[in-house]
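To start, the structure under review is shown below, and the notes come after it.
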Amino acid sequence: MTYTRRTTFKLAFGATVLAALPFSARADAAEDAIAAFTGGATPGTEGITLTAPEIAENGNTVPIDVAAPGAVSILLLATGNPVPDAATFSFGPLAAAQAASTRIRLAKTQTVVAIAKMPDGSFVQASQEVKVTIGGCGG
Amino acid sequence: MDNVTPRVRVPKTASAGEAILIKTLISHPMESGQRKDSDGNIIPREIINRFTCDFNGQNVVDVKMEPAISTNPYLEFQATVPESGTFTFTWYDDDGSVYTDTKDIAVG
């Protein structure tokens, strides 16, 4: 087979579509999880902080801090994991600060997202990309 | 599950209304349900799926946990102590086990 200009374009296009497919499937799972939490509302960006390392050498334990003063609950998502949900924190009347720290698994380099539900029914969102050297989901 | 040991760090004393930092750790494999054994069979999911902390019957925090939480789940949060009393920490396992720990705190 000779590589004409036309076939080269076709090959390149096919490769692009193939490469994009698994990513969009993953992103959909994360978007579904966000939509299930927010009910489709568009989250704001003020009033929530998400602290995660820029580079995590070991994806098995990545320390994550999240704080959203006044929030009712906070959803933590790892958008690139096979199951994007990581944890949901619901704060009771004796919570001194609507903040929590934990350690999560990240399968690969990805964006970690935190969404807080406020008492007035609005939502705020923060996200950060974490580069993962060794993935944390095992073989 | 056997060999599950909760460890909790709470200050022994506080002043009324003070915000205190609570750190909890529990030894648990948190098997994600994604891993395979040497024969290629998927190891079934076995995690702690919920954690709650209460003080004298009032809720402080209620956490729903997913397989993305690391082995030996660690949680850190802040609580207000209005009076002397007892913190109750409860972990709920997928297999139905419930692990609890309590810590007393004196307000003076």
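Residue numbering restarts at 1 in every chain; chains get A, B, ... in the order shown in the structure tokens, and ligands count up from 1 in that same order.
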(request) List the neighbours of A:Gly121 out to 10 Å using only C-alpha atoms; skip same-chain residues closer than 4 positions along the sequence, and give me the result as JSON, numbers by chain. (result) {"A": [38, 41, 71, 72, 116, 117]}
Find the residues of stretch 83-125 of chain A that sit at most 8 Å from stretch 71-88 of chain B; for each, write down the nearest two atoms and how far apart they are in Å, to one decimal. Count only C-alpha atoms. Sort by chain, then by number going up, and give it as JSON lines.
```
{"residue": "A:Leu94", "atom": "CA", "partner": "B:Thr80", "partner_atom": "CA", "distance": 5.2}
{"residue": "A:Ala95", "atom": "CA", "partner": "B:Ala79", "partner_atom": "CA", "distance": 4.5}
{"residue": "A:Ala96", "atom": "CA", "partner": "B:Ala79", "partner_atom": "CA", "distance": 4.5}
{"residue": "A:Ala97", "atom": "CA", "partner": "B:Gln78", "partner_atom": "CA", "distance": 5.7}
{"residue": "A:Gln98", "atom": "CA", "partner": "B:Gln78", "partner_atom": "CA", "distance": 7.9}
{"residue": "A:Ala99", "atom": "CA", "partner": "B:Phe77", "partner_atom": "CA", "distance": 6.1}
{"residue": "A:Ala100", "atom": "CA", "partner": "B:Phe77", "partner_atom": "CA", "distance": 4.7}
{"residue": "A:Ser101", "atom": "CA", "partner": "B:Glu76", "partner_atom": "CA", "distance": 4.9}
{"residue": "A:Thr102", "atom": "CA", "partner": "B:Leu75", "partner_atom": "CA", "distance": 4.8}
{"residue": "A:Arg103", "atom": "CA", "partner": "B:Tyr74", "partner_atom": "CA", "distance": 6.3}
```
Could you give me, as a compact mmCIF listing (two decimals) with all heavy atoms, in the first residue's frame, the residues within 10 Å of A:Met118, counting only C-alpha atoms and dropping anything in the same chain fewer than 5 positions from it?
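Just written: out_20.txt:
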```txt
# COMPACT_ATOMS: atom_id res chain seq x y z
N GLY A 47 -14.85 30.45 47.53
CA GLY A 47 -15.20 29.91 48.82
C GLY A 47 -14.89 28.45 49.02
O GLY A 47 -15.45 27.82 49.90
N ALA A 68 -14.25 24.30 52.77
CA ALA A 68 -15.28 25.17 52.18
C ALA A 68 -16.10 25.73 53.34
O ALA A 68 -17.06 25.10 53.78
CB ALA A 68 -16.17 24.38 51.22
N PRO A 69 -15.70 26.90 53.87
CA PRO A 69 -16.37 27.43 55.05
C PRO A 69 -17.88 27.57 54.84
O PRO A 69 -18.32 28.14 53.84
CB PRO A 69 -15.72 28.81 55.23
CG PRO A 69 -14.38 28.68 54.57
CD PRO A 69 -14.58 27.73 53.43
N GLY A 70 -18.63 27.00 55.77
CA GLY A 70 -20.08 27.09 55.72
C GLY A 70 -20.77 26.01 54.91
O GLY A 70 -22.00 25.97 54.87
N ALA A 71 -20.01 25.13 54.29
CA ALA A 71 -20.63 24.13 53.42
C ALA A 71 -21.43 23.11 54.22
O ALA A 71 -21.16 22.85 55.39
CB ALA A 71 -19.56 23.42 52.61
N VAL A 72 -22.44 22.54 53.56
CA VAL A 72 -23.22 21.46 54.16
C VAL A 72 -22.49 20.14 53.93
O VAL A 72 -22.36 19.31 54.82
CB VAL A 72 -24.63 21.41 53.53
CG1 VAL A 72 -25.42 20.25 54.10
CG2 VAL A 72 -25.35 22.72 53.74
N SER A 73 -22.04 19.96 52.69
CA SER A 73 -21.31 18.74 52.37
C SER A 73 -20.34 19.01 51.24
O SER A 73 -20.49 19.97 50.48
CB SER A 73 -22.28 17.61 51.99
OG SER A 73 -23.07 18.00 50.91
N ILE A 74 -19.32 18.17 51.16
CA ILE A 74 -18.29 18.32 50.13
C ILE A 74 -18.11 16.97 49.45
O ILE A 74 -17.93 15.95 50.11
CB ILE A 74 -16.94 18.78 50.73
CG1 ILE A 74 -17.08 20.13 51.43
CG2 ILE A 74 -15.88 18.86 49.63
CD1 ILE A 74 -15.79 20.60 52.10
N PHE A 123 -23.68 25.72 44.71
CA PHE A 123 -22.53 24.84 44.73
C PHE A 123 -21.27 25.61 44.34
O PHE A 123 -21.34 26.52 43.52
CB PHE A 123 -22.73 23.68 43.74
CG PHE A 123 -23.85 22.77 44.13
CD1 PHE A 123 -25.14 23.03 43.70
CD2 PHE A 123 -23.63 21.67 44.94
CE1 PHE A 123 -26.19 22.20 44.07
CE2 PHE A 123 -24.67 20.84 45.31
CZ PHE A 123 -25.94 21.11 44.88
N VAL A 124 -20.15 25.24 44.94
CA VAL A 124 -18.87 25.81 44.52
C VAL A 124 -17.91 24.66 44.24
O VAL A 124 -18.00 23.59 44.84
CB VAL A 124 -18.27 26.77 45.56
CG1 VAL A 124 -19.06 28.06 45.62
CG2 VAL A 124 -18.19 26.13 46.92
```
Could you list the residues in chain B lying within 10 Å of chain A, using only C-alpha atoms, and format the result as a compact mmCIF listing (two decimals) with C-alpha atoms, in the first residue's frame?
```txt
# COMPACT_ATOMS: atom_id res chain seq x y z
CA GLY B 17 -16.56 26.19 72.44
CA GLU B 18 -13.00 25.60 71.31
CA ALA B 19 -12.33 24.10 67.89
CA ILE B 20 -10.18 21.02 68.26
CA LEU B 21 -8.41 18.96 65.65
CA ILE B 22 -9.23 15.27 65.50
CA LYS B 23 -7.12 12.74 63.61
CA THR B 24 -8.31 9.21 62.94
CA LEU B 25 -6.62 6.24 61.37
CA GLU B 31 -9.58 -3.64 48.77
CA SER B 32 -10.82 -1.59 45.82
CA GLY B 33 -12.40 -4.32 43.70
CA GLN B 34 -10.16 -3.26 40.79
CA ARG B 35 -7.13 -5.39 41.53
CA LYS B 36 -6.49 -8.89 40.20
CA ASP B 37 -4.70 -11.76 41.92
CA SER B 38 -1.88 -13.79 40.33
CA GLY B 40 -6.12 -12.96 36.90
CA ILE B 42 -10.62 -9.90 40.38
CA ASN B 49 -17.84 2.62 53.24
CA ARG B 50 -18.86 5.06 55.97
CA PHE B 51 -17.36 6.87 58.94
CA THR B 52 -19.16 8.97 61.51
CA CYS B 53 -18.03 11.05 64.45
CA ASP B 54 -20.50 12.15 67.14
CA PHE B 55 -20.07 14.13 70.35
CA GLN B 58 -24.63 15.28 68.14
CA ASN B 59 -23.07 14.71 64.75
CA VAL B 60 -19.70 16.21 63.86
CA VAL B 61 -19.01 14.66 60.49
CA ASP B 62 -20.41 11.83 58.38
CA VAL B 63 -18.17 10.61 55.57
CA LYS B 64 -19.22 8.35 52.71
CA MET B 65 -16.13 6.55 51.48
CA GLU B 66 -15.49 5.00 48.08
CA PRO B 67 -12.78 2.57 46.87
CA ALA B 68 -10.56 5.56 45.98
CA ILE B 69 -9.76 6.03 49.68
CA SER B 70 -6.29 4.70 50.47
CA THR B 71 -5.40 1.65 52.54
CA ASN B 72 -5.58 2.41 56.28
CA PRO B 73 -8.03 5.30 55.84
CA TYR B 74 -6.89 8.52 57.47
CA LEU B 75 -9.27 11.35 58.25
CA GLU B 76 -8.62 14.71 59.85
CA PHE B 77 -11.31 17.25 60.77
CA GLN B 78 -12.25 19.84 63.39
CA ALA B 79 -14.92 19.69 66.06
CA THR B 80 -16.45 22.16 68.51
CA VAL B 81 -16.66 21.04 72.13
CA PRO B 82 -19.46 22.87 74.02
```
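For the choices A:Glu31, A:Thr42, A:Ile115, A:Glu54, the atom-to-atom distance to A:Gln128 is smallest for A:Glu54 when using only C-alpha atoms.
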(request) Excluding A:Thr133 and residues on its chain fewer than 4 positions from it, collect all residues at most 8 Å away from it, counting only C-alpha atoms, and give them as a ChimeraX atom specification. (result) /A:55-59,108-109
(message) With only C-alpha atoms as the counted atoms, please give the residues lying no more than 12 Å from B:Asp95, apart from itself and same-chain residues fewer than 6 positions off, as a ChimeraX atom specification.
(response) /B:1-2,30-31,44-49
Limited to N, CA, C and O atoms, could you put the picked residues into a file as an mmCIF file, in the first residue's frame?
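Resulting contents of out.cif:
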```cif
data_model
loop_
_atom_site.group_PDB
_atom_site.id
_atom_site.type_symbol
_atom_site.label_atom_id
_atom_site.label_comp_id
_atom_site.auth_asym_id
_atom_site.auth_seq_id
_atom_site.Cartn_x
_atom_site.Cartn_y
_atom_site.Cartn_z
ATOM 1 N N MET B 1 -14.202 -8.198 59.819
ATOM 2 C CA MET B 1 -12.804 -8.424 59.469
ATOM 3 C C MET B 1 -11.938 -8.419 60.719
ATOM 4 O O MET B 1 -12.211 -7.705 61.660
ATOM 5 N N ASP B 2 -10.896 -9.222 60.716
ATOM 6 C CA ASP B 2 -9.981 -9.255 61.848
ATOM 7 C C ASP B 2 -8.886 -8.199 61.658
ATOM 8 O O ASP B 2 -8.706 -7.661 60.580
ATOM 9 N N MET B 30 -8.800 -1.869 52.577
ATOM 10 C CA MET B 30 -9.575 -1.091 51.596
ATOM 11 C C MET B 30 -9.404 -1.683 50.185
ATOM 12 O O MET B 30 -8.990 -0.994 49.243
ATOM 13 N N GLU B 31 -9.714 -2.967 50.066
ATOM 14 C CA GLU B 31 -9.581 -3.644 48.767
ATOM 15 C C GLU B 31 -10.549 -3.002 47.781
ATOM 16 O O GLU B 31 -11.756 -2.981 48.006
ATOM 17 N N PRO B 44 -12.422 -9.364 45.209
ATOM 18 C CA PRO B 44 -13.666 -8.628 45.473
ATOM 19 C C PRO B 44 -13.457 -7.415 46.365
ATOM 20 O O PRO B 44 -12.561 -7.386 47.204
ATOM 21 N N ARG B 45 -14.313 -6.412 46.147
ATOM 22 C CA ARG B 45 -14.251 -5.173 46.914
ATOM 23 C C ARG B 45 -14.496 -5.451 48.393
ATOM 24 O O ARG B 45 -15.353 -6.265 48.741
ATOM 25 N N GLU B 46 -13.748 -4.794 49.246
ATOM 26 C CA GLU B 46 -13.880 -4.960 50.700
ATOM 27 C C GLU B 46 -13.350 -3.684 51.345
ATOM 28 O O GLU B 46 -12.163 -3.568 51.629
ATOM 29 N N ILE B 47 -14.234 -2.727 51.525
ATOM 30 C CA ILE B 47 -13.788 -1.435 52.048
ATOM 31 C C ILE B 47 -14.641 -1.004 53.242
ATOM 32 O O ILE B 47 -15.676 -1.602 53.520
ATOM 33 N N ILE B 48 -14.180 0.022 53.919
ATOM 34 C CA ILE B 48 -15.018 0.730 54.888
ATOM 35 C C ILE B 48 -15.763 1.783 54.089
ATOM 36 O O ILE B 48 -15.146 2.571 53.373
ATOM 37 N N ASN B 49 -17.086 1.737 54.129
ATOM 38 C CA ASN B 49 -17.838 2.622 53.237
ATOM 39 C C ASN B 49 -18.406 3.851 53.943
ATOM 40 O O ASN B 49 -18.937 4.748 53.289
#
```
(request) Provide the atom CA of A:Ile34 to atom CA of A:Val130 distance in Å, to one decimal place. (result) 18.9 Å
(message) What parts of chain B does DSSP call strand (DSSP E or B)? I'd like the answer as a ChimeraX atom specification.
(response) /B:6-9,13-14,18-26,31,36,42,46,48-55,58-65,69,74-81,85-93,98-107
(request) Within 8 Å of A:Gln125, counting only C-alpha atoms, which residues show up once you throw out same-chain ones fewer than 3 positions away? Write them as a ChimeraX atom specification, please. (result) /A:43-46,48,113-116
